[in-house]
file coords-v7.txt (compact mmCIF, C-alpha atoms and all ligand atoms)
# COMPACT_ATOMS: atom_id res chain seq x y z
CA MET A 855 0.00 0.00 0.00
CA ILE A 856 1.42 3.35 -1.01
CA HIS A 857 -0.03 6.66 0.11
CA ILE A 858 -0.06 9.37 -2.51
CA GLY A 859 0.66 12.87 -1.26
CA ASP A 860 3.10 15.12 0.52
CA CYS A 861 4.61 13.04 3.31
CA ARG A 862 4.27 15.88 5.80
CA GLU A 863 0.53 16.07 5.23
CA VAL A 864 0.03 12.30 5.07
CA LEU A 865 2.04 11.65 8.24
CA ALA A 866 0.12 14.35 10.10
CA THR A 867 -3.06 12.28 9.59
CA MET A 868 -1.53 9.08 10.99
CA ARG A 869 -1.35 8.05 14.60
CA PRO A 870 2.00 8.59 16.32
CA ALA A 871 4.52 5.84 17.12
CA LEU A 872 3.42 3.41 14.43
CA ALA A 873 6.75 2.64 12.76
CA ASP A 874 9.74 0.67 14.08
CA CYS A 875 12.20 2.40 11.81
CA CYS A 876 12.42 4.77 8.88
CA ILE A 877 14.58 4.05 5.85
CA THR A 878 14.43 6.82 3.33
CA ASP A 879 16.07 8.60 0.46
CA PRO A 880 14.73 12.16 0.41
CA PRO A 881 15.08 14.49 -2.55
CA TYR A 882 18.63 15.93 -2.39
CA GLY A 883 17.96 19.12 -4.35
CA ASP A 884 20.90 18.26 -6.65
CA THR A 885 18.86 18.91 -9.82
CA SER A 886 16.06 21.21 -10.91
CA LEU A 887 13.70 18.27 -11.45
CA GLU A 888 10.35 18.69 -9.71
CA TRP A 889 10.61 15.50 -7.64
CA ASP A 890 14.11 16.50 -6.46
CA ALA A 891 13.07 19.70 -4.63
CA VAL A 892 14.19 19.56 -0.98
CA CYS A 893 11.40 18.99 1.51
CA PRO A 894 11.85 21.05 4.70
CA GLY A 895 10.27 19.80 7.91
CA TRP A 896 9.98 16.09 7.12
CA ILE A 897 12.07 15.01 10.14
CA GLU A 898 9.56 16.40 12.62
CA HIS A 899 6.79 14.29 11.07
CA VAL A 900 8.91 11.16 10.91
CA ALA A 901 9.98 11.66 14.54
CA ARG A 902 6.32 11.64 15.55
CA ALA A 903 5.52 8.56 13.44
CA LEU A 904 8.38 6.53 14.95
CA LYS A 905 8.25 4.47 18.11
CA PRO A 906 10.49 5.97 20.81
CA ASN A 907 13.19 3.34 20.15
CA GLY A 908 12.94 3.63 16.37
CA SER A 909 15.82 4.88 14.25
CA ILE A 910 16.17 6.64 10.89
CA TRP A 911 18.43 5.65 7.99
CA VAL A 912 18.84 8.50 5.51
CA PHE A 913 20.47 8.05 2.10
CA GLY A 914 22.23 10.91 0.46
CA SER A 915 25.28 12.68 -0.80
CA MET A 916 27.52 14.39 1.76
CA ARG A 917 26.39 17.76 0.39
CA PHE A 918 22.82 16.83 1.30
CA LEU A 919 23.57 15.03 4.55
CA ALA A 920 25.95 17.46 6.25
CA PRO A 921 23.32 20.13 7.04
CA LEU A 922 20.86 17.42 8.05
CA PHE A 923 22.79 16.62 11.23
CA ALA A 924 21.72 19.91 12.85
CA GLU A 925 18.08 19.36 11.94
CA MET A 926 18.23 15.82 13.28
CA ALA A 927 19.76 17.13 16.51
CA ALA A 928 16.96 19.67 16.84
CA HIS A 929 14.56 16.72 17.02
CA GLY A 930 16.69 14.76 19.46
CA PHE A 931 18.39 12.44 16.94
CA ARG A 932 22.09 11.64 17.08
CA TYR A 933 24.49 10.05 14.63
CA SER A 934 25.04 6.35 15.16
CA GLN A 935 26.95 5.11 12.11
CA ASP A 936 27.00 5.27 8.36
CA VAL A 937 27.40 2.82 5.53
CA VAL A 938 28.82 3.56 2.12
CA TRP A 939 27.16 2.26 -1.01
CA GLU A 940 29.80 1.78 -3.69
CA LYS A 941 28.25 1.69 -7.15
CA GLN A 942 29.78 0.27 -10.33
CA ASN A 943 29.53 3.72 -11.91
CA GLY A 944 28.45 7.08 -10.67
CA THR A 945 27.69 10.65 -11.40
CA GLY A 946 30.24 13.28 -12.26
CA PHE A 947 28.72 16.70 -11.86
CA ASN A 948 32.18 18.30 -11.77
CA ASN A 949 34.99 17.35 -14.12
CA ASP A 950 37.67 18.75 -11.78
CA ARG A 951 36.83 16.51 -8.80
CA PHE A 952 36.91 12.81 -8.04
CA ARG A 953 34.20 10.91 -9.83
CA ARG A 954 31.58 10.15 -7.22
CA VAL A 955 30.76 6.46 -7.25
CA HIS A 956 29.33 6.23 -3.78
CA GLU A 957 26.47 7.35 -1.59
CA HIS A 958 26.05 7.30 2.17
CA ALA A 959 23.28 6.00 4.36
CA VAL A 960 23.46 7.52 7.85
CA LEU A 961 21.71 6.05 10.87
CA PHE A 962 20.26 8.45 13.45
CA TYR A 963 18.72 7.46 16.78
CA ARG A 964 17.35 9.10 19.91
CA GLY A 965 17.43 8.07 23.56
CA ALA A 966 19.80 5.40 24.81
CA TRP A 967 21.49 3.29 22.12
CA ALA A 968 20.90 0.16 24.21
CA ASP A 969 17.13 0.74 23.87
CA VAL A 970 17.23 1.20 20.11
CA TYR A 971 16.33 -1.92 18.15
CA HIS A 972 19.40 -3.16 16.29
CA ALA A 973 20.26 -6.67 15.20
CA THR A 974 23.93 -7.10 14.39
CA GLN A 975 24.42 -8.26 10.82
CA PHE A 976 26.87 -10.94 9.76
CA THR A 977 28.01 -12.20 6.40
CA ASN A 978 29.34 -15.65 5.68
CA ASP A 979 32.12 -14.39 3.48
CA ALA A 980 35.11 -14.86 5.75
CA ARG A 981 37.26 -16.79 3.35
CA ALA A 982 37.92 -20.42 4.12
CA ARG A 983 40.84 -20.39 1.70
CA VAL A 984 42.80 -18.19 4.11
CA VAL A 985 44.68 -20.85 5.99
CA ARG A 986 47.29 -19.66 8.44
CA LYS A 987 50.00 -21.44 10.25
CA LYS A 988 50.14 -19.95 13.70
CA GLU A 989 52.65 -20.30 16.48
CA LYS A 990 51.16 -22.30 19.30
CA PRO A 991 51.05 -20.62 22.69
CA ALA A 992 54.16 -21.42 24.73
CA GLN A 993 52.28 -23.63 27.20
CA TRP A 994 51.39 -26.00 24.36
CA HIS A 995 55.00 -26.76 23.49
CA GLY A 996 55.92 -30.25 24.44
CA ALA A 997 52.34 -31.47 24.45
CA THR A 998 52.69 -32.66 20.87
CA GLY A 999 56.24 -31.66 20.06
CA SER A 1000 54.96 -29.31 17.32
CA THR A 1001 55.16 -25.52 17.35
CA THR A 1002 52.56 -24.84 14.69
CA TYR A 1003 48.99 -25.75 13.96
CA VAL A 1004 46.69 -24.98 11.07
CA SER A 1005 43.63 -22.83 11.56
CA GLU A 1006 41.08 -22.02 8.93
CA ASP A 1007 39.25 -18.75 8.69
CA GLY A 1008 35.70 -18.94 7.45
CA GLY A 1009 32.12 -18.57 8.47
CA PRO A 1010 30.35 -15.49 9.68
CA ARG A 1011 31.95 -12.13 10.32
CA LEU A 1012 30.56 -8.67 11.04
CA MET A 1013 29.04 -7.14 7.95
CA ARG A 1014 31.26 -4.45 6.48
CA SER A 1015 30.20 -0.82 6.29
CA VAL A 1016 31.05 -0.56 2.59
CA MET A 1017 28.56 -2.34 0.35
CA GLN A 1018 29.40 -2.93 -3.28
CA VAL A 1019 26.07 -3.21 -5.02
CA ARG A 1020 25.28 -2.51 -8.68
CA ASN A 1021 22.85 0.31 -9.25
CA GLU A 1022 19.66 -0.33 -11.14
CA HIS A 1023 20.34 1.82 -14.21
CA GLY A 1024 18.69 0.33 -17.27
CA ARG A 1025 16.00 -1.59 -15.40
CA ALA A 1026 14.79 1.00 -12.88
CA ILE A 1027 11.37 2.66 -12.86
CA HIS A 1028 12.82 5.64 -10.93
CA PRO A 1029 16.06 7.54 -11.65
CA THR A 1030 17.35 7.05 -8.08
CA GLN A 1031 15.92 3.60 -7.45
CA LYS A 1032 17.73 1.85 -4.61
CA PRO A 1033 18.70 -1.80 -5.16
CA LEU A 1034 17.12 -4.36 -2.85
CA GLU A 1035 20.51 -5.83 -1.82
CA LEU A 1036 21.36 -2.50 -0.24
CA LEU A 1037 18.12 -2.20 1.70
CA LEU A 1038 17.78 -5.77 3.00
CA PRO A 1039 20.58 -5.59 5.64
CA LEU A 1040 19.42 -2.17 6.84
CA ILE A 1041 15.90 -3.51 7.33
CA ARG A 1042 17.12 -6.61 9.18
CA TYR A 1043 19.35 -4.41 11.34
CA SER A 1044 16.80 -1.77 12.33
CA CYS A 1045 13.36 -3.33 12.15
CA PRO A 1046 12.27 -6.32 14.24
CA PRO A 1047 10.67 -9.25 12.39
CA GLY A 1048 7.05 -8.41 11.64
CA GLY A 1049 7.67 -4.73 12.41
CA VAL A 1050 6.90 -1.68 10.32
CA VAL A 1051 9.33 0.23 8.08
CA LEU A 1052 8.42 3.76 7.07
CA ASP A 1053 9.59 5.39 3.83
CA PRO A 1054 8.08 8.86 3.34
CA PHE A 1055 9.92 9.38 0.00
CA ALA A 1056 9.09 6.03 -1.51
CA GLY A 1057 9.91 6.61 -5.20
CA SER A 1058 9.88 3.20 -6.88
CA GLY A 1059 8.79 1.45 -3.68
CA SER A 1060 12.09 -0.41 -3.18
CA THR A 1061 11.92 -0.03 0.60
CA GLY A 1062 8.47 -1.62 0.65
CA LEU A 1063 9.59 -4.44 -1.61
CA ALA A 1064 12.63 -5.13 0.56
CA ALA A 1065 10.53 -4.96 3.73
CA GLY A 1066 8.20 -7.59 2.29
CA VAL A 1067 11.13 -9.85 1.40
CA GLU A 1068 12.29 -9.65 5.03
CA GLY A 1069 8.82 -10.30 6.48
CA ARG A 1070 8.33 -6.71 7.64
CA GLN A 1071 5.41 -4.42 6.85
CA SER A 1072 5.83 -0.99 5.29
CA ILE A 1073 4.25 2.42 5.15
CA LEU A 1074 5.18 4.12 1.89
CA ILE A 1075 4.41 7.69 0.88
CA GLU A 1076 5.11 9.26 -2.51
CA MET A 1077 4.08 12.70 -3.71
CA ASP A 1078 4.34 12.14 -7.45
CA GLU A 1079 1.18 10.36 -8.52
CA ALA A 1080 2.65 8.77 -11.67
CA ILE A 1081 5.66 7.42 -9.74
CA ALA A 1082 3.40 6.19 -6.95
CA ARG A 1083 1.26 4.28 -9.45
CA SER A 1084 4.35 2.68 -11.04
CA ALA A 1085 5.59 1.76 -7.55
CA ALA A 1086 2.24 0.24 -6.63
CA HIS A 1087 2.32 -1.82 -9.82
CA ARG A 1088 5.89 -2.93 -9.07
CA LEU A 1089 4.92 -3.94 -5.55
CA ASP A 1090 1.90 -5.92 -6.79
CA HIS A 1091 3.89 -7.58 -9.52
CA ASP A 1092 7.31 -8.20 -7.93
CA ALA A 1093 6.44 -8.83 -4.28
CA PRO A 1094 4.92 -12.30 -4.92
CA LEU A 1095 7.92 -13.24 -7.09
CA LEU A 1096 10.38 -12.21 -4.38
CA ARG A 1097 8.58 -13.88 -1.48
CA GLY A 1098 10.92 -16.21 0.34
CA ILE A 1099 14.19 -15.16 -1.33
CA ALA A 1100 15.76 -13.69 1.84
C1 LIG B 1 15.34 10.29 -4.17
S1 LIG B 1 13.77 9.78 -4.61
C2 LIG B 1 13.51 8.26 -3.74
C3 LIG B 1 13.84 7.05 -4.59
C4 LIG B 1 13.62 5.76 -3.83
N1 LIG B 1 14.57 5.59 -2.78
C5 LIG B 1 13.66 4.55 -4.75
O1 LIG B 1 14.35 3.55 -4.40
O2 LIG B 1 13.02 4.56 -5.78
C6 LIG B 1 12.75 10.89 -3.70
C7 LIG B 1 11.27 10.71 -3.95
O3 LIG B 1 10.56 11.52 -3.01
C8 LIG B 1 9.43 12.07 -3.65
N2 LIG B 1 9.05 13.27 -2.90
C9 LIG B 1 9.63 14.51 -2.96
N3 LIG B 1 9.06 15.34 -2.07
C10 LIG B 1 8.12 14.61 -1.42
C11 LIG B 1 7.19 14.91 -0.37
N4 LIG B 1 7.15 16.12 0.18
N5 LIG B 1 6.37 13.93 0.05
C12 LIG B 1 6.43 12.69 -0.51
N6 LIG B 1 7.25 12.35 -1.51
C13 LIG B 1 8.10 13.29 -1.95
C14 LIG B 1 9.88 12.34 -5.08
O4 LIG B 1 8.78 12.39 -5.96
C15 LIG B 1 10.82 11.15 -5.33
O5 LIG B 1 10.13 10.09 -5.95

call {"tool": "encode", "arguments": {"input": "coords-v7.txt", "output": "structure tokens"}}
result
Amino acid sequence: MIHIGDCREVLATMRPALADCCITDPPYGDTSLEWDAVCPGWIEHVARALKPNGSIWVFGSMRFLAPLFAEMAAHGFRYSQDVVWEKQNGTGFNNDRFRRVHEHAVLFYRGAWADVYHATQFTNDARARVVRKKEKPAQWHGATGSTTYVSEDGGPRLMRSVMQVRNEHGRAIHPTQKPLELLLPLIRYSCPPGGVVLDPFAGSGSTGLAAGVEGRQSILIEMDEAIARSAAHRLDHDAPLLRGIA
């Protein structure tokens, strides 16, 4: 279900404390496109819609995110951590700078961190082929007569803060459509199973699709009616196909 309208107006009609987390990608104001116009005041409405222990992931460029910290602070939200999305190609607005092939997602929270829902994420990509010969501790000498033993790395390790995920250019229904692989770990980290993820700038509906894959519910809001209808179609069409892939 996607609500069509300005997220500030739509959220004002909803009861408070209904979402477990917010994962969103607001308009950055980088272009003159109508859907990219910055939206002042959205944080206040999201803060009201979140449960007290809910957190907010915000995607964006550093130019967009840097001023956001003060606005977040004004509503009681502090920086927790950020992840970097490394894309296979990027945008170069300026030919005299580094080509930007990454975006950030910053996590903000309020209250005590220990109260904020967060489920540590692991990946199973520690490489088993890394086999090391290690010196045995001194107290082991003599037990077998050997000074070395073989240990194998492998199995789960903490998920890294840099995610290399291909962008969706060529198959996207929205110019800034976020890939599901990027959203799935954020949802698992910040929303309890069966909980509710809020995305007030839903665009193509990727957050809702990813929430469904992870067995979470979603509240999606999108101002542009045509985009909202495409997102609704995508959700109807793709969600059943993706069920059970996580
Ligand atoms: C950066 S895009 C989000 C793209 C999305 N993450 C995706 O994966 O497709 C921002 C979206 O917010 C919408 N938007 C802009 N201002 C809005 C507002 N005040 N209320 C609701 N939606 C808004 C735009 O139409 C645009 O689709």

call {"tool": "residues_near_ligand", "arguments": {"input": "coords-v7.txt", "ligand": "ligand LIG 1 (chain B)", "cutoff": "8 Å", "atoms": "only C-alpha atoms and all ligand atoms", "output": "number ranges by chain"}}
result
A: 858-862, 878-882, 888-893, 896, 1027-1033, 1054-1061, 1075-1078, 1081-1082

call {"tool": "closest_residue", "arguments": {"input": "coords-v7.txt", "among": "A:Ala871, A:Val955, A:Ala866, A:Met926", "to": "Val938 of chain A", "atoms": "all atoms listed in the file"}}
result
A:Val955

call {"tool": "residues_around", "arguments": {"input": "coords-v7.txt", "residues": "Leu865 of chain A", "least_positions_apart": "6", "cutoff": "8 Å", "atoms": "only C-alpha atoms", "output": "compact mmCIF listing (two decimals) with C-alpha atoms, in the frame of the given file"}}
result
# COMPACT_ATOMS: atom_id res chain seq x y z
CA HIS A 899 6.79 14.29 11.07
CA VAL A 900 8.91 11.16 10.91
CA ALA A 903 5.52 8.56 13.44

call {"tool": "residues_around", "arguments": {"input": "coords-v7.txt", "residues": "Met1013 of chain A", "least_positions_apart": "3", "cutoff": "10 Å", "atoms": "only C-alpha atoms", "output": "list of chain:residue names"}}
result
A:Thr974, A:Gln975, A:Phe976, A:Thr977, A:Asn978, A:Asp979, A:Pro1010, A:Val1016, A:Met1017, A:Pro1039

call {"tool": "residues_around", "arguments": {"input": "coords-v7.txt", "residues": "Pro870 of chain A", "least_positions_apart": "3", "cutoff": "8 Å", "atoms": "all atoms listed in the file", "output": "PyMOL selection string"}}
result
chain A and resi 902-905

call {"tool": "atom_distance", "arguments": {"input": "coords-v7.txt", "atom1": "atom CA of Glu925 of chain A", "atom2": "atom CA of Met868 of chain A"}}
result
22.2 Å

call {"tool": "residues_near_point", "arguments": {"input": "coords-v7.txt", "point": "(12.5, -2.0, 0.6)", "cutoff": "12 Å", "atoms": "all atoms listed in the file", "output": "count of residues only"}}
result
47

call {"tool": "atom_distance", "arguments": {"input": "coords-v7.txt", "atom1": "atom CA of Ser1084 of chain A", "atom2": "atom CA of Thr867 of chain A"}}
result
23.9 Å

call {"tool": "closest_residue", "arguments": {"input": "coords-v7.txt", "among": "A:Gly914, A:Pro1094, A:Pro1046, A:His857", "to": "Ala973 of chain A", "atoms": "only C-alpha atoms"}}
result
A:Pro1046

call {"tool": "atom_distance", "arguments": {"input": "coords-v7.txt", "atom1": "atom CA of Val937 of chain A", "atom2": "atom CA of Leu961 of chain A"}}
result
8.4 Å

call {"tool": "closest_residue", "arguments": {"input": "coords-v7.txt", "among": "A:Asp969, A:Glu1022, A:Glu1079, A:Glu863", "to": "Gly944 of chain A", "atoms": "all atoms listed in the file"}}
result
A:Glu1022

call {"tool": "closest_residue", "arguments": {"input": "coords-v7.txt", "among": "A:Met855, A:Val864, A:Ala873, A:Ala901", "to": "Gly1048 of chain A", "atoms": "all atoms listed in the file"}}
result
A:Ala873

call {"tool": "axis_aligned_box", "arguments": {"input": "coords-v7.txt", "around": "segment 883-896 of chain A", "padding_each_side": "5 Å", "output": "JSON"}}
result
{"center_x": 15.4, "center_y": 18.4, "center_z": -1.8, "size_x": 20.9, "size_y": 15.7, "size_z": 29.4}

call {"tool": "closest_residue", "arguments": {"input": "coords-v7.txt", "among": "A:Ser915, A:Ser1044, A:Ser909, A:Thr885", "to": "Arg964 of chain A", "atoms": "only C-alpha atoms"}}
result
A:Ser909

call {"tool": "residues_near_point", "arguments": {"input": "coords-v7.txt", "point": "(31.8, 5.7, -10.4)", "cutoff": "8 Å", "atoms": "only C-alpha atoms", "output": "list in words"}}
result
Lys941, Gln942, Asn943, Gly944, Thr945, Gly946, Arg953, Arg954, Val955 and His956 of chain A

call {"tool": "build_atoms", "arguments": {"input": "coords-v7.txt", "residues": "segment 883-896 of chain A", "atoms": "N, CA, C and O atoms", "output": "compact mmCIF listing (two decimals), in the coordinates of the input"}}
result
# COMPACT_ATOMS: atom_id res chain seq x y z
N GLY A 883 17.86 17.77 -3.80
CA GLY A 883 17.96 19.12 -4.35
C GLY A 883 19.17 19.30 -5.25
O GLY A 883 19.63 20.41 -5.47
N ASP A 884 19.71 18.19 -5.79
CA ASP A 884 20.90 18.26 -6.65
C ASP A 884 20.55 18.74 -8.06
O ASP A 884 21.40 19.21 -8.79
N THR A 885 19.28 18.55 -8.46
CA THR A 885 18.86 18.91 -9.82
C THR A 885 17.66 19.85 -9.74
O THR A 885 17.13 20.10 -8.66
N SER A 886 17.23 20.33 -10.91
CA SER A 886 16.06 21.21 -10.91
C SER A 886 14.78 20.42 -11.20
O SER A 886 13.73 21.01 -11.44
N LEU A 887 14.88 19.09 -11.18
CA LEU A 887 13.70 18.27 -11.45
C LEU A 887 12.68 18.46 -10.32
O LEU A 887 13.05 18.62 -9.15
N GLU A 888 11.41 18.39 -10.69
CA GLU A 888 10.35 18.69 -9.71
C GLU A 888 10.39 17.75 -8.50
O GLU A 888 10.28 18.18 -7.36
N TRP A 889 10.62 16.47 -8.74
CA TRP A 889 10.61 15.50 -7.64
C TRP A 889 11.84 15.63 -6.75
O TRP A 889 11.89 15.07 -5.66
N ASP A 890 12.86 16.40 -7.20
CA ASP A 890 14.11 16.50 -6.46
C ASP A 890 14.17 17.76 -5.57
O ASP A 890 15.20 18.05 -4.98
N ALA A 891 13.07 18.49 -5.47
CA ALA A 891 13.07 19.70 -4.63
C ALA A 891 13.14 19.31 -3.16
O ALA A 891 12.37 18.43 -2.72
N VAL A 892 14.04 19.93 -2.40
CA VAL A 892 14.19 19.56 -0.98
C VAL A 892 12.87 19.79 -0.23
O VAL A 892 12.08 20.66 -0.59
N CYS A 893 12.68 19.00 0.80
CA CYS A 893 11.40 18.99 1.51
C CYS A 893 11.64 19.38 2.98
O CYS A 893 11.91 18.51 3.80
N PRO A 894 11.57 20.65 3.31
CA PRO A 894 11.85 21.05 4.70
C PRO A 894 10.80 20.49 5.66
O PRO A 894 9.63 20.36 5.30
N GLY A 895 11.23 20.16 6.85
CA GLY A 895 10.27 19.80 7.91
C GLY A 895 9.87 18.34 7.99
O GLY A 895 9.09 17.96 8.87
N TRP A 896 10.44 17.48 7.11
CA TRP A 896 9.98 16.09 7.12
C TRP A 896 10.40 15.36 8.39
O TRP A 896 9.71 14.45 8.86
